[in-house]
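Colleague: Take this structure, written in C-alpha cells, and hold onto it; I'll ask about it next.
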Amino acid sequence: MPTHQLVVGDATLRRRDGRWQIGIDDGRITAVTTVSLSGREEIDAAGGLVTESFVDAHLHLDKVHTLDRAGDDALTAYTAGDMGSALRSIELASAVKAEYDRAWIEPNARRAVEQAVRYGVRHVLAFADVDTSARLEGVIPLLALREEFRGVVELHVVAFPQDGLLCDPGAEDLVREAVDLGADVVGGIPWIEHTDAEAREHVRRMCALAAAHGRRVAMLVDDAGDPSLHTTEMLAEAMLEHGLAGRGVAHHARAVGLYPRPSVERLVRLARRAGLGFVSDPHTGPVHLPVVELTAMGLPVALGQDDIEDAFYPFGRHNMAEVAFLAAHALEAVDTAGTDLVYDAVTTTAATVLGVTGHRLEEGGSADLVVHRQPTVRGVLTHHEPPAYVVASGRVVAASTSSTVLTLT
C-alpha cells in the first residue's frame, strides 16, 4: 500500500551525497530518506536537483508589462551612470499612473503570477503603488489575485507610497485605506522626500502604522548613487523604536555600496539589532548593495525580480533562477560559494528575509519544491529553464518539458 500522498523519487539534494526519496503528506514533507518510498502519486526526479521553491523578495507587480505605456525616458534616467537621476526617473515613470485602471492592471499582474507558477516561485513580496496618482487601482487587483492563487503562489501585498508621503499629501490616508482592505505589508520610500527630516518622518509614520496593525514593513531605501542619504539607518532605528524588530526589510539600499568600510560596519551592527533583512536587485541598476560582503557579515540578503517590462527594467520572466544567474555576474559570484549564495538568496534566505517559516527541504518543512532537470546549482543557473515539476502545498501545480530536434542533414 502507498505510504505517502506524493513521493519525489531519485532526487539529488544540495550538500547531500546519493539519491533521495521525499515523502509528502497534507502539505508537509514527512520523509527525506535514501530508502525507497511509495506514494499514491509519484514523481521521478531522474537524478535532477530538488530544492525549496523560489521566493521573489521584491516585485512591483502592479507595474508589470507597462513599458510600452511609459516609454523609455524613465528607463534611460534610472539605468544611466551612477543612478544620480533615480529621482527624476520616478517622476517620469509616474506619468503612466494618470491612466491607472484595474481593468488592465489585473491581466498584466495575472500574467506575471502565472509565470511564477511555471517557474516555481512560491512567495512574492508584491508592491502596489498607493498614492494620489495611483489611488487604489493597483492594490485592489493584487488583493484579489492573492486570494485566487493562495496555496499555489503566496502574494504578500505591499501598500507602497511610491511618490512619498509628505511630498504627496493624501497618500498616507490611501495607505491606511489599503491596510484596512487587507494589504499585508506597509511600504515606504523615504529617500524621495525633500529633506532628511521629512524622510525620517516618512519612516516614523509608516512604522507606526505597521505596528498599530500588526504588519511588517518594507521600504525602498538609499535607492540612488548618493551615500549621504542614510535612510537605511532611519528604517532600522524606527523599527527598534516601534517594536518591529525582525519585521522589516530594506530594499535596494544601493548607496550602501558606496559607503566607506567603517560606515558599512556601523550599519551592519544596527541592522543586526533591528533584525533588518535586505533585498538587492543588482540586475536593474548600475549601483547595488554589496550583497556578498553583507552576507559574509551575517546579514540575510535576498534577491528580487524587481521589475518586469516596466519603466525601470525592460526584461524579466518572473524566473528567479534567471535573476540569480544575472546576479552571479553582477556580484562576481561565479565560483561554487558564489552560486550557492545567489541560489540561497532566491530560496531559503529570501524566505527568511520575508518572515516565511518552514521553507526548508527537511522533515516537517513545507512541501513547496522545485524538481530540476539539472543535477547541480550551476547547471540550474546555466540553463535557468522552467523546473520539470513544481510542487506547492504538497501537490504538483506545474510540469514542463523541453526538447529540440536537430535537422543538420
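Residue numbering restarts at 1 for every chain of the C-alpha cells, chains are lettered A, B, ... in their displayed order, and ligands are numbered from 1 as they appear.
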Using only C-alpha atoms, tabulate the residues of stretch 299-404 of chain A lying at most 10 Å from any atom of stretch 42-62 of chain A, each with its closest atom pair and that distance in Å to one decimal, by chain and increasing residue number, as CSV.
Modeller:
residue,atom,partner,partner_atom,distance
A:Val301,CA,A:Ala57,CA,9.8
A:Ala302,CA,A:Ala57,CA,6.5
A:Leu303,CA,A:Ala57,CA,6.2
A:Gly304,CA,A:His58,CA,4.5
A:Gln305,CA,A:Leu59,CA,5.7
A:Asp306,CA,A:Leu59,CA,4.3
A:Asp307,CA,A:His60,CA,5.8
A:Ile308,CA,A:His60,CA,8.0
A:Asp310,CA,A:His60,CA,9.1
A:His318,CA,A:Asp56,CA,8.3
A:Asn319,CA,A:Phe54,CA,8.8
A:Met320,CA,A:Phe54,CA,6.5
A:Ala321,CA,A:Phe54,CA,8.1
A:Val323,CA,A:Asp56,CA,9.5
A:Tyr343,CA,A:Phe54,CA,8.9
A:Asp344,CA,A:Phe54,CA,9.2
A:Ala345,CA,A:Val55,CA,8.4
A:Val346,CA,A:Val55,CA,5.3
A:Thr347,CA,A:Phe54,CA,4.7
A:Thr348,CA,A:Glu52,CA,7.1
A:Thr349,CA,A:Val55,CA,8.8
A:Ala350,CA,A:Val55,CA,5.9
A:Ala351,CA,A:Val55,CA,6.3
A:Thr352,CA,A:Val55,CA,9.9
A:Val353,CA,A:Ala57,CA,7.8
A:Leu354,CA,A:Ala57,CA,6.8
A:Val356,CA,A:Val55,CA,9.6
A:His359,CA,A:Glu52,CA,6.7
A:Arg360,CA,A:Glu52,CA,6.2
A:Leu361,CA,A:Glu52,CA,5.8
A:Glu362,CA,A:Glu52,CA,9.6
A:Gly365,CA,A:Glu52,CA,9.5
A:Ser366,CA,A:Glu52,CA,8.7
A:Ala367,CA,A:Glu52,CA,8.2
A:Asp368,CA,A:Ser53,CA,5.4
A:Leu369,CA,A:Ser53,CA,4.5
A:Val370,CA,A:Ser53,CA,5.2
A:Val371,CA,A:Val50,CA,4.6
A:His372,CA,A:Leu49,CA,5.2
A:Arg373,CA,A:Gly48,CA,4.7
A:Gln374,CA,A:Gly48,CA,5.1
A:Pro375,CA,A:Gly48,CA,4.4
A:Thr376,CA,A:Leu49,CA,6.0
A:Val377,CA,A:Leu49,CA,7.6
A:Gly379,CA,A:Leu49,CA,9.3
A:Val380,CA,A:Leu49,CA,8.3
A:Pro387,CA,A:Val50,CA,9.4
A:Ala388,CA,A:Ala45,CA,8.3
A:Tyr389,CA,A:Ile43,CA,8.3
A:Val390,CA,A:Ser53,CA,7.7
A:Val391,CA,A:Ser53,CA,7.9
A:Ala392,CA,A:Ser53,CA,8.1
A:Val396,CA,A:Ile43,CA,9.1
Colleague: I need the residues of stretch 22-157 of chain A that end up classed as strand (DSSP E or B) by DSSP on the backbone, written out as a PyMOL selection string.
Modeller: chain A and resi 22-25+28-33+39-44+49-52+54-59+121-129+154-157
Colleague: Give me, please, the distance in Å between atom CA of A:Ile22 and atom CA of A:Glu385, quoted to one decimal.
Modeller: 22.6 Å
Colleague: Quote the spacing between atom CA of A:Leu244 and atom CA of A:His213 in Å to one decimal place.
Modeller: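 Computing the Euclidean distance for atom CA of A:Leu244 and atom CA of A:His213 yields 11.4 Å.
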Colleague: So what do you get for atom CA of A:Thr3 versus atom CA of A:Gly23, distance-wise?
Modeller: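 Between these atoms lies a distance of 8.4 Å.
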Colleague: What residues in stretch 176-383 of chain A get the DSSP label helix (DSSP H, G or I)? Please answer as number ranges by chain.
Modeller: A: 176-181, 190-192, 196-213, 231-241, 254-258, 261-274, 282-284, 291-296, 320-330, 336-344, 348-354, 377-383
Colleague: Keeping C-alpha atoms for every residue in the selection just given, could you write it to a file as an mmCIF file, in the first residue's frame?
Modeller:
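part10.cif written:
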data_model
loop_
_atom_site.group_PDB
_atom_site.id
_atom_site.type_symbol
_atom_site.label_atom_id
_atom_site.label_comp_id
_atom_site.auth_asym_id
_atom_site.auth_seq_id
_atom_site.Cartn_x
_atom_site.Cartn_y
_atom_site.Cartn_z
ATOM 1 C CA ARG A 176 -4.165 53.415 5.652
ATOM 2 C CA GLU A 177 -7.162 52.523 3.490
ATOM 3 C CA ALA A 178 -5.131 49.863 1.663
ATOM 4 C CA VAL A 179 -4.135 48.336 5.005
ATOM 5 C CA ASP A 180 -7.792 48.320 6.055
ATOM 6 C CA LEU A 181 -8.588 46.497 2.795
ATOM 7 C CA PRO A 190 11.748 57.801 2.458
ATOM 8 C CA TRP A 191 14.656 58.989 0.318
ATOM 9 C CA ILE A 192 12.209 60.536 -2.131
ATOM 10 C CA ASP A 196 16.243 64.427 5.819
ATOM 11 C CA ALA A 197 13.728 65.498 8.470
ATOM 12 C CA GLU A 198 10.831 64.654 6.151
ATOM 13 C CA ALA A 199 12.456 61.334 5.249
ATOM 14 C CA ARG A 200 12.707 60.459 8.924
ATOM 15 C CA GLU A 201 9.064 61.447 9.446
ATOM 16 C CA HIS A 202 8.041 59.289 6.462
ATOM 17 C CA VAL A 203 9.711 56.272 8.097
ATOM 18 C CA ARG A 204 8.253 57.064 11.501
ATOM 19 C CA ARG A 205 4.670 57.307 10.221
ATOM 20 C CA MET A 206 4.815 54.101 8.199
ATOM 21 C CA CYS A 207 6.435 52.150 11.045
ATOM 22 C CA ALA A 208 3.814 53.471 13.464
ATOM 23 C CA LEU A 209 1.071 52.345 11.070
ATOM 24 C CA ALA A 210 2.610 48.889 10.725
ATOM 25 C CA ALA A 211 2.986 48.490 14.480
ATOM 26 C CA ALA A 212 -0.598 49.578 15.109
ATOM 27 C CA HIS A 213 -1.976 46.993 12.644
ATOM 28 C CA THR A 231 17.579 56.189 5.032
ATOM 29 C CA THR A 232 18.544 52.564 5.712
ATOM 30 C CA GLU A 233 19.661 53.595 9.187
ATOM 31 C CA MET A 234 16.447 55.592 9.617
ATOM 32 C CA LEU A 235 14.428 52.448 8.935
ATOM 33 C CA ALA A 236 16.409 50.308 11.381
ATOM 34 C CA GLU A 237 16.120 52.938 14.112
ATOM 35 C CA ALA A 238 12.362 53.317 13.603
ATOM 36 C CA MET A 239 11.868 49.547 13.708
ATOM 37 C CA LEU A 240 13.526 49.439 17.106
ATOM 38 C CA GLU A 241 11.508 52.424 18.304
ATOM 39 C CA ARG A 254 22.161 50.788 -3.409
ATOM 40 C CA ALA A 255 24.108 53.651 -1.867
ATOM 41 C CA VAL A 256 25.483 51.293 0.787
ATOM 42 C CA GLY A 257 27.736 50.041 -1.989
ATOM 43 C CA LEU A 258 29.389 53.479 -1.930
ATOM 44 C CA ARG A 261 34.093 50.379 5.310
ATOM 45 C CA PRO A 262 33.586 51.920 8.791
ATOM 46 C CA SER A 263 30.115 53.140 7.777
ATOM 47 C CA VAL A 264 29.210 49.684 6.462
ATOM 48 C CA GLU A 265 30.270 48.044 9.717
ATOM 49 C CA ARG A 266 28.270 50.544 11.743
ATOM 50 C CA LEU A 267 25.174 49.898 9.615
ATOM 51 C CA VAL A 268 25.609 46.125 9.949
ATOM 52 C CA ARG A 269 25.628 46.342 13.746
ATOM 53 C CA LEU A 270 22.471 48.473 13.733
ATOM 54 C CA ALA A 271 20.743 46.161 11.241
ATOM 55 C CA ARG A 272 21.506 43.141 13.437
ATOM 56 C CA ARG A 273 19.899 44.860 16.432
ATOM 57 C CA ALA A 274 16.806 45.686 14.389
ATOM 58 C CA PRO A 282 21.640 44.151 -8.962
ATOM 59 C CA HIS A 283 20.416 43.480 -12.497
ATOM 60 C CA THR A 284 18.131 46.555 -12.550
ATOM 61 C CA VAL A 291 25.481 41.523 -1.258
ATOM 62 C CA VAL A 292 28.438 39.182 -0.827
ATOM 63 C CA GLU A 293 30.053 41.343 1.838
ATOM 64 C CA LEU A 294 26.886 41.839 3.891
ATOM 65 C CA THR A 295 26.092 38.123 3.715
ATOM 66 C CA ALA A 296 29.591 37.340 4.977
ATOM 67 C CA MET A 320 14.221 33.603 -10.137
ATOM 68 C CA ALA A 321 16.857 31.208 -11.484
ATOM 69 C CA GLU A 322 17.440 33.783 -14.207
ATOM 70 C CA VAL A 323 17.630 36.543 -11.566
ATOM 71 C CA ALA A 324 20.239 34.504 -9.663
ATOM 72 C CA PHE A 325 22.144 33.903 -12.925
ATOM 73 C CA LEU A 326 22.290 37.644 -13.606
ATOM 74 C CA ALA A 327 23.243 38.397 -10.007
ATOM 75 C CA ALA A 328 26.103 35.902 -10.125
ATOM 76 C CA HIS A 329 27.631 38.011 -12.896
ATOM 77 C CA ALA A 330 26.856 41.427 -11.394
ATOM 78 C CA THR A 336 30.758 27.377 -6.073
ATOM 79 C CA ALA A 337 30.379 29.530 -2.966
ATOM 80 C CA GLY A 338 29.017 32.370 -5.062
ATOM 81 C CA THR A 339 26.441 30.302 -6.935
ATOM 82 C CA ASP A 340 25.329 28.738 -3.658
ATOM 83 C CA LEU A 341 24.927 32.233 -2.194
ATOM 84 C CA VAL A 342 22.777 33.553 -5.035
ATOM 85 C CA TYR A 343 20.681 30.378 -5.113
ATOM 86 C CA ASP A 344 20.028 30.684 -1.379
ATOM 87 C CA THR A 348 15.830 29.882 1.731
ATOM 88 C CA THR A 349 17.467 33.212 2.554
ATOM 89 C CA ALA A 350 14.700 35.051 0.737
ATOM 90 C CA ALA A 351 12.127 33.203 2.838
ATOM 91 C CA THR A 352 13.961 34.256 5.989
ATOM 92 C CA VAL A 353 14.007 37.886 4.867
ATOM 93 C CA LEU A 354 10.245 37.855 4.241
ATOM 94 C CA VAL A 377 23.043 24.521 -8.823
ATOM 95 C CA ARG A 378 25.496 25.550 -11.523
ATOM 96 C CA GLY A 379 23.524 23.602 -14.096
ATOM 97 C CA VAL A 380 20.240 25.134 -12.942
ATOM 98 C CA LEU A 381 21.663 28.643 -13.204
ATOM 99 C CA THR A 382 23.278 27.918 -16.572
ATOM 100 C CA HIS A 383 20.009 26.811 -18.150
#
Colleague: Select, from A:Val153, A:Ile90, A:Val221, A:Ala245, the residue with the minimum atom-to-atom distance to A:Gly120, counting only C-alpha atoms.
Modeller: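 Ranked by minimum distance to A:Gly120, first place goes to A:Val153.
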Colleague: Nearest to A:Phe160: which of A:Pro141, A:Trp104, A:Thr404, A:Asp184 is it, counting only C-alpha atoms?
Modeller: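 Using only C-alpha atoms, the shortest distance to A:Phe160 belongs to A:Asp184.
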Colleague: Just the residues within 8 Å of A:Gly275, please, counting only C-alpha atoms, with nothing from its chain fewer than 5 positions along; format it as a PDB file with N, CA and C atoms, in the first residue's frame.
Modeller:
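Resulting contents of result-v1.pdb:
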ATOM      1  N   ALA A 245      11.240  44.937  15.593  1.00  0.00           N
ATOM      2  CA  ALA A 245      12.474  44.179  15.392  1.00  0.00           C
ATOM      3  C   ALA A 245      12.173  42.836  14.736  1.00  0.00           C
ATOM      4  N   GLY A 246      12.913  42.538  13.678  1.00  0.00           N
ATOM      5  CA  GLY A 246      12.712  41.291  12.947  1.00  0.00           C
ATOM      6  C   GLY A 246      11.555  41.316  11.985  1.00  0.00           C
ATOM      7  N   ARG A 247      10.930  42.474  11.785  1.00  0.00           N
ATOM      8  CA  ARG A 247       9.730  42.547  10.939  1.00  0.00           C
ATOM      9  C   ARG A 247       9.851  43.594   9.837  1.00  0.00           C
ATOM     10  N   GLY A 248      11.081  43.812   9.369  1.00  0.00           N
ATOM     11  CA  GLY A 248      11.270  44.817   8.338  1.00  0.00           C
ATOM     12  C   GLY A 248      12.303  44.425   7.309  1.00  0.00           C
TER      13      GLY A 248
END
Colleague: Within 8 Å of A:Ser38, counting only C-alpha atoms, which residues qualify if same-chain residues fewer than 2 places away don't, as a PyMOL selection string?
Modeller: chain A and resi 1-4+7+36+40+42
Colleague: Just checking: using only C-alpha atoms, which residue out of A:Ser393, A:Thr409, A:Thr12, A:Asn108 ends up closest to A:Thr33?
Modeller: A:Thr12
Colleague: Could you give me, as an MDAnalysis selection string, the residues within 8 Å of A:Glu137, counting only C-alpha atoms and dropping anything in the same chain fewer than 2 positions from it?
Modeller: chainID A and resid 100:102 105 134:135 139:141
Colleague: Could you list, as number ranges by chain, every residue within 9 Å of A:Leu142, counting only C-alpha atoms and ignoring same-chain residues fewer than 2 positions away?
Modeller: A: 61-62, 105-106, 109-110, 126-128, 138-140, 144-147, 155, 157
Colleague: Which is closer to A:Ser400 than all the others in A:Phe149, A:Tyr78, A:Tyr119, A:Trp20, using only C-alpha atoms?
Modeller: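 Closest to A:Ser400 of all the choices is A:Tyr119.
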Colleague: Which one is closest to A:Ala80: A:Ala253, A:Val158, A:Leu125, A:Val287? Count only C-alpha atoms.
Modeller: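 Result for the nearest residue to A:Ala80: A:Val287.
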Colleague: Which residues come within 8 Å of A:Glu309, counting only C-alpha atoms, excluding same-chain residues fewer than 3 positions away, as JSON, numbers by chain?
Modeller: {"A": [64, 65, 66, 67, 312, 313, 314, 315, 316]}
Colleague: Rank nothing, just name the residue among A:Val175, A:Ala333, A:Ala311, A:Cys167 nearest to A:Asp72, using only C-alpha atoms.
Modeller: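 For A:Asp72, the nearest of the given residues is A:Ala311.
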